[in-house]
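**Q** Pasting target_36.txt here (compact mmCIF, C-alpha atoms):
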```txt
# COMPACT_ATOMS: atom_id res chain seq x y z
CA MET W 1 17.37 -16.26 -0.45
CA ALA W 2 15.02 -17.97 -2.91
CA ASN W 3 12.70 -19.22 -0.19
CA GLU W 4 11.97 -15.84 1.41
CA THR W 5 8.33 -14.85 1.11
CA LEU W 6 7.30 -11.34 0.13
CA TYR W 7 3.69 -10.20 0.38
CA LEU W 8 2.58 -7.25 -1.75
CA LEU W 9 -0.56 -5.65 -0.35
CA PRO W 10 -2.73 -3.57 -2.73
CA GLY W 11 -4.38 -0.25 -2.13
CA LEU W 12 -7.92 1.08 -2.22
CA LEU W 13 -9.89 -0.31 -5.18
CA CYS W 14 -6.84 -2.29 -6.29
CA ASP W 15 -6.52 -6.02 -6.77
CA ALA W 16 -3.41 -8.18 -7.10
CA SER W 17 -2.89 -7.00 -10.68
CA VAL W 18 -1.52 -3.68 -9.43
CA PHE W 19 1.67 -5.58 -8.54
CA GLU W 20 1.82 -7.77 -11.64
CA ALA W 21 5.15 -6.31 -12.85
CA GLN W 22 6.81 -6.62 -9.44
CA ARG W 23 5.58 -10.18 -8.92
CA ALA W 24 6.97 -11.24 -12.29
CA ALA W 25 10.29 -9.49 -11.83
CA LEU W 26 10.95 -10.56 -8.23
CA SER W 27 9.88 -14.18 -8.59
CA ASP W 28 13.45 -15.05 -9.61
CA ALA W 29 14.60 -14.41 -6.05
CA TYR W 30 11.57 -14.53 -3.76
CA ASP W 31 8.28 -16.29 -3.21
CA THR W 32 6.33 -13.20 -4.17
CA ARG W 33 2.61 -13.14 -3.44
CA ALA W 34 -0.22 -10.65 -3.82
CA LEU W 35 -3.88 -10.74 -2.87
CA ASP W 36 -6.88 -8.45 -2.61
CA PHE W 37 -9.04 -7.20 0.24
CA PHE W 38 -12.40 -7.34 -1.53
CA GLY W 39 -15.30 -7.99 0.81
CA LEU W 40 -13.53 -6.81 3.98
CA ASP W 41 -14.35 -3.69 5.96
CA SER W 42 -11.75 -3.40 8.74
CA MET W 43 -7.99 -3.21 9.03
CA GLN W 44 -8.07 -6.18 11.39
CA SER W 45 -9.91 -8.45 8.96
CA MET W 46 -7.55 -7.41 6.16
CA ALA W 47 -4.52 -8.16 8.32
CA GLU W 48 -6.04 -11.49 9.29
CA ARG W 49 -6.49 -12.40 5.61
CA VAL W 50 -2.72 -12.04 5.17
CA LEU W 51 -1.74 -13.74 8.42
CA LEU W 52 -3.96 -16.76 7.79
CA GLN W 53 -2.24 -17.60 4.51
CA ALA W 54 1.30 -16.33 5.09
CA PRO W 55 4.18 -18.44 6.41
CA GLN W 56 5.42 -17.94 9.93
CA LYS W 57 7.96 -15.34 8.76
CA PHE W 58 7.59 -13.05 5.76
CA SER W 59 8.34 -9.58 4.45
CA VAL W 60 5.55 -7.21 3.55
CA CYS W 61 5.19 -4.23 1.25
CA GLY W 62 1.93 -2.33 1.54
CA PHE W 63 0.78 0.13 -1.10
CA SER W 64 -1.55 2.96 -0.02
CA MET W 65 -4.37 1.23 1.94
CA GLY W 66 -2.16 -1.86 1.94
CA GLY W 67 0.43 0.10 3.90
CA ARG W 68 -2.17 0.63 6.60
CA VAL W 69 -2.81 -3.11 6.57
CA ALA W 70 0.92 -3.78 6.90
CA LEU W 71 1.01 -1.52 9.96
CA GLN W 72 -1.96 -3.39 11.42
CA ILE W 73 -0.05 -6.65 10.92
CA MET W 74 2.86 -5.07 12.80
CA ARG W 75 0.43 -4.27 15.59
CA MET W 76 -1.04 -7.78 15.69
CA ALA W 77 1.90 -10.08 14.91
CA PRO W 78 5.18 -8.13 14.78
CA GLU W 79 7.26 -11.23 15.37
CA ARG W 80 6.21 -12.60 11.98
CA ILE W 81 7.48 -9.66 9.90
CA ALA W 82 11.06 -9.78 8.61
CA ARG W 83 11.03 -6.53 6.62
CA LEU W 84 8.51 -3.73 6.12
CA CYS W 85 8.04 -1.43 3.13
CA LEU W 86 5.51 1.39 3.30
CA LEU W 87 4.64 2.52 -0.22
CA ASP W 88 2.66 5.68 -1.02
CA THR W 89 0.85 5.49 2.30
CA GLY W 90 0.64 7.06 5.75
CA VAL W 91 0.69 6.22 9.44
CA SER W 92 -1.90 8.51 11.03
CA ALA W 93 -5.48 7.79 12.04
CA ALA W 94 -8.35 9.36 10.11
CA GLY W 95 -8.69 13.07 10.75
CA PRO W 96 -11.97 14.76 11.71
CA GLY W 97 -12.73 15.85 8.15
CA GLU W 98 -11.88 12.60 6.41
CA PRO W 99 -15.30 10.88 6.59
CA ALA W 100 -16.99 13.85 4.94
CA SER W 101 -14.30 14.16 2.27
CA ARG W 102 -14.55 10.48 1.29
CA GLN W 103 -18.34 10.13 1.32
CA PRO W 104 -19.06 11.85 -2.02
CA LEU W 105 -17.13 9.18 -3.95
CA VAL W 106 -18.97 6.41 -2.12
CA ASP W 107 -22.27 8.11 -2.94
CA LEU W 108 -21.14 8.41 -6.57
CA ALA W 109 -20.39 4.68 -6.68
CA PHE W 110 -23.93 3.80 -5.64
CA SER W 111 -25.62 6.42 -7.79
CA LYS W 112 -23.62 6.22 -11.03
CA GLY W 113 -21.37 3.17 -10.77
CA MET W 114 -17.70 2.39 -10.47
CA ARG W 115 -16.78 3.83 -13.88
CA ALA W 116 -17.89 7.23 -12.61
CA VAL W 117 -15.70 6.72 -9.54
CA ALA W 118 -12.73 5.81 -11.73
CA ASP W 119 -13.23 8.88 -13.92
CA ALA W 120 -13.37 11.20 -10.91
CA TRP W 121 -10.79 9.60 -8.63
CA LEU W 122 -7.96 8.36 -10.81
CA PRO W 123 -6.61 11.39 -12.74
CA PRO W 124 -5.39 13.35 -9.68
CA MET W 125 -3.74 10.17 -8.37
CA VAL W 126 -1.26 9.77 -11.25
CA HIS W 127 1.54 11.86 -12.72
CA PRO W 128 0.15 14.66 -14.93
CA ALA W 129 1.92 13.19 -17.96
CA ARG W 130 -0.06 9.96 -17.55
CA ARG W 131 -3.52 11.48 -17.44
CA GLY W 132 -3.85 11.65 -21.20
CA ASP W 133 -2.52 8.14 -21.82
CA SER W 134 -5.68 6.26 -22.75
CA VAL W 135 -4.07 2.79 -22.57
CA PHE W 136 -2.56 3.39 -19.13
CA MET W 137 -5.67 5.05 -17.73
CA GLY W 138 -7.90 2.42 -19.30
CA ALA W 139 -6.11 -0.36 -17.43
CA LEU W 140 -6.50 1.54 -14.16
CA GLN W 141 -10.18 2.17 -14.87
CA ASP W 142 -10.72 -1.52 -15.63
CA MET W 143 -9.17 -2.45 -12.28
CA VAL W 144 -11.39 -0.03 -10.36
CA CYS W 145 -14.44 -1.37 -12.19
CA ARG W 146 -13.69 -4.91 -11.01
CA ALA W 147 -14.75 -3.68 -7.58
CA THR W 148 -18.35 -2.98 -6.64
CA PRO W 149 -19.88 -0.08 -4.70
CA GLU W 150 -20.24 -2.44 -1.73
CA ILE W 151 -16.55 -3.37 -1.88
CA PHE W 152 -15.63 0.30 -2.10
CA ALA W 153 -17.82 1.26 0.85
CA GLY W 154 -16.31 -1.54 2.94
CA GLN W 155 -12.76 -0.45 2.18
CA ILE W 156 -13.61 3.14 3.08
CA ARG W 157 -15.03 1.94 6.41
CA ALA W 158 -11.75 0.11 7.03
CA LEU W 159 -9.70 3.20 6.26
CA LEU W 160 -11.83 5.42 8.47
CA GLY W 161 -11.44 2.96 11.33
CA ARG W 162 -7.67 2.67 11.12
CA ALA W 163 -5.59 3.20 14.25
CA ASP W 164 -2.80 5.75 14.60
CA ALA W 165 0.42 3.83 13.98
CA ALA W 166 2.79 6.71 14.77
CA PRO W 167 3.32 5.67 18.43
CA LEU W 168 4.54 2.23 17.27
CA LEU W 169 7.22 3.44 14.89
CA LYS W 170 10.01 4.14 17.38
CA ASP W 171 9.98 0.49 18.44
CA PHE W 172 10.39 -1.04 14.97
CA ASN W 173 13.69 -2.89 14.72
CA LEU W 174 13.71 -4.35 11.22
CA PRO W 175 14.60 -3.10 7.73
CA VAL W 176 12.01 -0.45 6.83
CA HIS W 177 11.81 1.53 3.62
CA ALA W 178 9.32 4.35 3.02
CA ILE W 179 8.84 4.86 -0.72
CA ALA W 180 6.70 7.40 -2.56
CA GLY W 181 6.27 8.83 -6.01
CA ARG W 182 8.00 12.17 -6.33
CA GLN W 183 4.76 13.68 -7.65
CA ASP W 184 2.38 11.80 -5.35
CA GLU W 185 -0.05 14.50 -4.25
CA TRP W 186 -2.09 12.16 -2.04
CA SER W 187 0.66 10.56 0.09
CA THR W 188 3.56 12.93 -0.36
CA LEU W 189 7.26 12.18 -0.30
CA ALA W 190 7.66 14.72 2.52
CA GLN W 191 5.12 12.73 4.54
CA HIS W 192 7.17 9.56 4.04
CA GLU W 193 10.39 11.30 5.01
CA ALA W 194 8.73 12.54 8.20
CA PHE W 195 7.49 9.17 9.40
CA ALA W 196 10.65 7.38 8.27
CA ALA W 197 12.59 9.70 10.57
CA LEU W 198 10.65 8.21 13.50
CA ILE W 199 11.74 4.65 12.69
CA PRO W 200 15.29 3.66 13.71
CA GLY W 201 17.37 3.02 10.59
CA ALA W 202 14.50 3.49 8.14
CA LYS W 203 15.18 4.81 4.64
CA ALA W 204 12.98 7.13 2.60
CA ARG W 205 13.18 6.96 -1.18
CA ALA W 206 11.51 8.70 -4.12
CA ILE W 207 10.26 7.07 -7.28
CA GLU W 208 10.92 9.64 -9.98
CA ASN W 209 8.29 10.84 -12.45
CA SER W 210 5.48 9.09 -10.61
CA GLY W 211 2.30 10.01 -8.84
CA HIS W 212 0.52 7.76 -6.36
CA PHE W 213 0.35 4.59 -8.45
CA THR W 214 4.08 3.80 -8.40
CA PRO W 215 3.68 0.04 -9.07
CA LEU W 216 2.09 0.85 -12.43
CA GLU W 217 3.56 4.24 -13.28
CA GLN W 218 7.22 3.30 -12.78
CA PRO W 219 7.34 -0.49 -12.38
CA GLU W 220 11.06 -0.89 -13.05
CA GLN W 221 12.08 1.82 -10.61
CA LEU W 222 9.87 0.33 -7.93
CA THR W 223 11.16 -3.18 -8.55
CA ALA W 224 14.75 -1.93 -8.15
CA ALA W 225 13.82 -0.21 -4.90
CA LEU W 226 12.17 -3.37 -3.57
CA ARG W 227 15.25 -5.44 -4.45
CA GLU W 228 17.40 -3.00 -2.49
CA TRP W 229 15.06 -3.24 0.49
CA MET W 230 14.90 -7.04 0.39
CA ALA W 231 18.71 -7.23 0.22
CA GLU W 232 19.11 -5.47 3.57
CA PRO W 233 20.37 -7.79 6.33
CA LEU W 234 17.75 -8.84 8.81
CA ARG W 235 17.91 -7.20 12.20
CA GLY W 236 15.94 -7.71 15.37
CA GLN W 237 12.22 -7.49 15.90
CA TYR W 238 9.64 -5.10 17.13
CA GLN W 239 10.46 -4.44 20.75
CA ARG W 240 7.40 -4.51 22.97
CA ALA W 241 7.46 -2.07 25.88
```
Will you turn the file into structure tokens for me?
**A**
Amino acid sequence: MANETLYLLPGLLCDASVFEAQRAALSDAYDTRALDFFGLDSMQSMAERVLLQAPQKFSVCGFSMGGRVALQIMRMAPERIARLCLLDTGVSAAGPGEPASRQPLVDLAFSKGMRAVADAWLPPMVHPARRGDSVFMGALQDMVCRATPEIFAGQIRALLGRADAAPLLKDFNLPVHAIAGRQDEWSTLAQHEAFAALIPGAKARAIENSGHFTPLEQPEQLTAALREWMAEPLRGQYQRA
């Protein structure tokens, strides 16, 4: 249906440009929108940013941190979500070692700037074959550098404060796809298959020859997967206990 609205939610240190290919390709069939979460430091405020501008009913695909935001929207306003896609993400709360593991990059941002963060963070996040592609990596680095250390620190605070969504999954009653890059070492395909198994009727799918940044690494594959997900018939809603 041409009037269905699809929100594409970006990940950590990403802006709306991460979904540029999908927005262009899917605009023939859907009202496809993307935004950023710059300046926000909690999952709730990020979810509120979406809910305040979205129509009463919409589908949502969340990439990485955006997947956590999509799950927070399901917690806050499940009746407004028609379909849910969880892309290169996870459902658990922060583990005990996560604050310490994330802090060095935040410190690096304040001491040496966002280019240093991009140089350290991005290569392990993409398929090994992409790491030597200066054009591809340059575009990713430019996106990261559009953020500031303060924006980065706020997004890390949001991620560390996320709630465990696993207990909610069994009650989801809507089309859900869990999609991950085959070579995503950060949010693995096996992880997506495991949490998809907890959601009635959910489907897990791999994007081939891709690391974590599936929207940019394999844009056509991801667009095809999103079309398949959006074509699924609507079902019921989240069932509150």
**Q** Skipping near chain neighbours, those fewer than 5 positions away, what residues fall within 10 Å of range 134-140 of chain W using all atoms listed in the file, listed as a CSV table (one decimal) with C-alpha atoms, in the coordinates of the input?
**A**
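The file below, part35.csv, is the result:
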```csv
chain,number,residue,atom,x,y,z
W,13,LEU,CA,-9.9,-0.3,-5.2
W,14,CYS,CA,-6.8,-2.3,-6.3
W,17,SER,CA,-2.9,-7.0,-10.7
W,18,VAL,CA,-1.5,-3.7,-9.4
W,118,ALA,CA,-12.7,5.8,-11.7
W,119,ASP,CA,-13.2,8.9,-13.9
W,122,LEU,CA,-8.0,8.4,-10.8
W,123,PRO,CA,-6.6,11.4,-12.7
W,126,VAL,CA,-1.3,9.8,-11.2
W,145,CYS,CA,-14.4,-1.4,-12.2
W,213,PHE,CA,0.4,4.6,-8.4
W,216,LEU,CA,2.1,0.8,-12.4
W,217,GLU,CA,3.6,4.2,-13.3
```
**Q** Please determine, counting only C-alpha atoms, which residue among W:Ala158, W:Ala147, W:Ala21, W:Ala231 has the shortest atom-to-atom distance to Thr214 in chain W.
**A**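 Among the listed residues, the smallest separation from Thr214 in chain W belongs to W:Ala21.
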**Q** Quick one: of W:Leu26, W:Ala47, W:Ala100, W:Val144, who's nearest to Trp121 in chain W, counting all atoms listed in the file?
**A** W:Val144
**Q** Rounded to one decimal, what separation in Å do you get between CA of Arg33 in chain W and CA of Thr5 in chain W?
**A**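 Those two atoms sit 7.5 Å apart.
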**Q** Mind checking which residues fall within 10 Å of Ala225 in chain W, counting all atoms listed in the file, ignoring those fewer than 4 positions away in the same chain, and posting them as a PyMOL selection string?
**A** chain W and resi 85+177+179+205-207+219-221+229-231
**Q** Ranking W:Glu228, W:Asp133, W:Asp41, W:Glu193 by minimum distance to Glu150 in chain W and counting all atoms listed in the file, which one comes first?
**A** W:Asp41
**Q** Rank nothing, just name the residue among W:Pro99, W:Glu20, W:Leu169, W:Gly39 nearest to Pro78 in chain W, using only C-alpha atoms.
**A**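 With only C-alpha atoms as the atom set, the closest residue is W:Leu169.
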**Q** Name the residues within 12 Å of (-1.2, -7.7, 14.3), counting all atoms listed in the file in the file's coordinates, and put them as a PyMOL selection string.
**A** chain W and resi 43-52+68-81+163+165+168+238
**Q** Just to be explicit: take each residue in the selection above, keep C-alpha atoms, and write the result as a PDB file, in the frame of the given file.
**A**
```
ATOM      1  CA  MET W  43      -7.990  -3.210   9.030  1.00  0.00           C
ATOM      2  CA  GLN W  44      -8.070  -6.180  11.390  1.00  0.00           C
ATOM      3  CA  SER W  45      -9.910  -8.450   8.960  1.00  0.00           C
ATOM      4  CA  MET W  46      -7.550  -7.410   6.160  1.00  0.00           C
ATOM      5  CA  ALA W  47      -4.520  -8.160   8.320  1.00  0.00           C
ATOM      6  CA  GLU W  48      -6.040 -11.490   9.290  1.00  0.00           C
ATOM      7  CA  ARG W  49      -6.490 -12.400   5.610  1.00  0.00           C
ATOM      8  CA  VAL W  50      -2.720 -12.040   5.170  1.00  0.00           C
ATOM      9  CA  LEU W  51      -1.740 -13.740   8.420  1.00  0.00           C
ATOM     10  CA  LEU W  52      -3.960 -16.760   7.790  1.00  0.00           C
ATOM     11  CA  ARG W  68      -2.170   0.630   6.600  1.00  0.00           C
ATOM     12  CA  VAL W  69      -2.810  -3.110   6.570  1.00  0.00           C
ATOM     13  CA  ALA W  70       0.920  -3.780   6.900  1.00  0.00           C
ATOM     14  CA  LEU W  71       1.010  -1.520   9.960  1.00  0.00           C
ATOM     15  CA  GLN W  72      -1.960  -3.390  11.420  1.00  0.00           C
ATOM     16  CA  ILE W  73      -0.050  -6.650  10.920  1.00  0.00           C
ATOM     17  CA  MET W  74       2.860  -5.070  12.800  1.00  0.00           C
ATOM     18  CA  ARG W  75       0.430  -4.270  15.590  1.00  0.00           C
ATOM     19  CA  MET W  76      -1.040  -7.780  15.690  1.00  0.00           C
ATOM     20  CA  ALA W  77       1.900 -10.080  14.910  1.00  0.00           C
ATOM     21  CA  PRO W  78       5.180  -8.130  14.780  1.00  0.00           C
ATOM     22  CA  GLU W  79       7.260 -11.230  15.370  1.00  0.00           C
ATOM     23  CA  ARG W  80       6.210 -12.600  11.980  1.00  0.00           C
ATOM     24  CA  ILE W  81       7.480  -9.660   9.900  1.00  0.00           C
ATOM     25  CA  ALA W 163      -5.590   3.200  14.250  1.00  0.00           C
ATOM     26  CA  ALA W 165       0.420   3.830  13.980  1.00  0.00           C
ATOM     27  CA  LEU W 168       4.540   2.230  17.270  1.00  0.00           C
ATOM     28  CA  TYR W 238       9.640  -5.100  17.130  1.00  0.00           C
TER      29      TYR W 238
END
```
**Q** Taking (15.5, -16.8, 3.5) in the file's own coordinates, collect the residues within 10 Å, counting all atoms listed in the file, and hand them back as an MDAnalysis selection string.
**A** chainID W and resid 1:5 29:31 57:58 82 234
**Q** Pick the closest to Gln141 in chain W from W:Ala197, W:Ile156, W:Gly113, W:Ala129: which is it, counting only C-alpha atoms?
**A**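 Checking each of W:Ala197, W:Ile156, W:Gly113, W:Ala129 against Gln141 in chain W, counting only C-alpha atoms, the winner is W:Gly113.
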**Q** Closest to Ala194 in chain W among W:Ser92, W:His127, W:Pro233, W:Ser101, using all atoms listed in the file?
**A**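 Ranking W:Ser92, W:His127, W:Pro233, W:Ser101 by distance to Ala194 in chain W, first place goes to W:Ser92.
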**Q** What separation in Å, quoted to one decimal, exists between CA of Ala202 in chain W and CA of Thr32 in chain W?
**A**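 Going from CA of Ala202 in chain W over to CA of Thr32 in chain W covers 22.3 Å.
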**Q** How many Å lie between CA of Ala25 in chain W and CA of Tyr7 in chain W, rounded to one decimal?
**A**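 These two atoms are separated by 13.9 Å.
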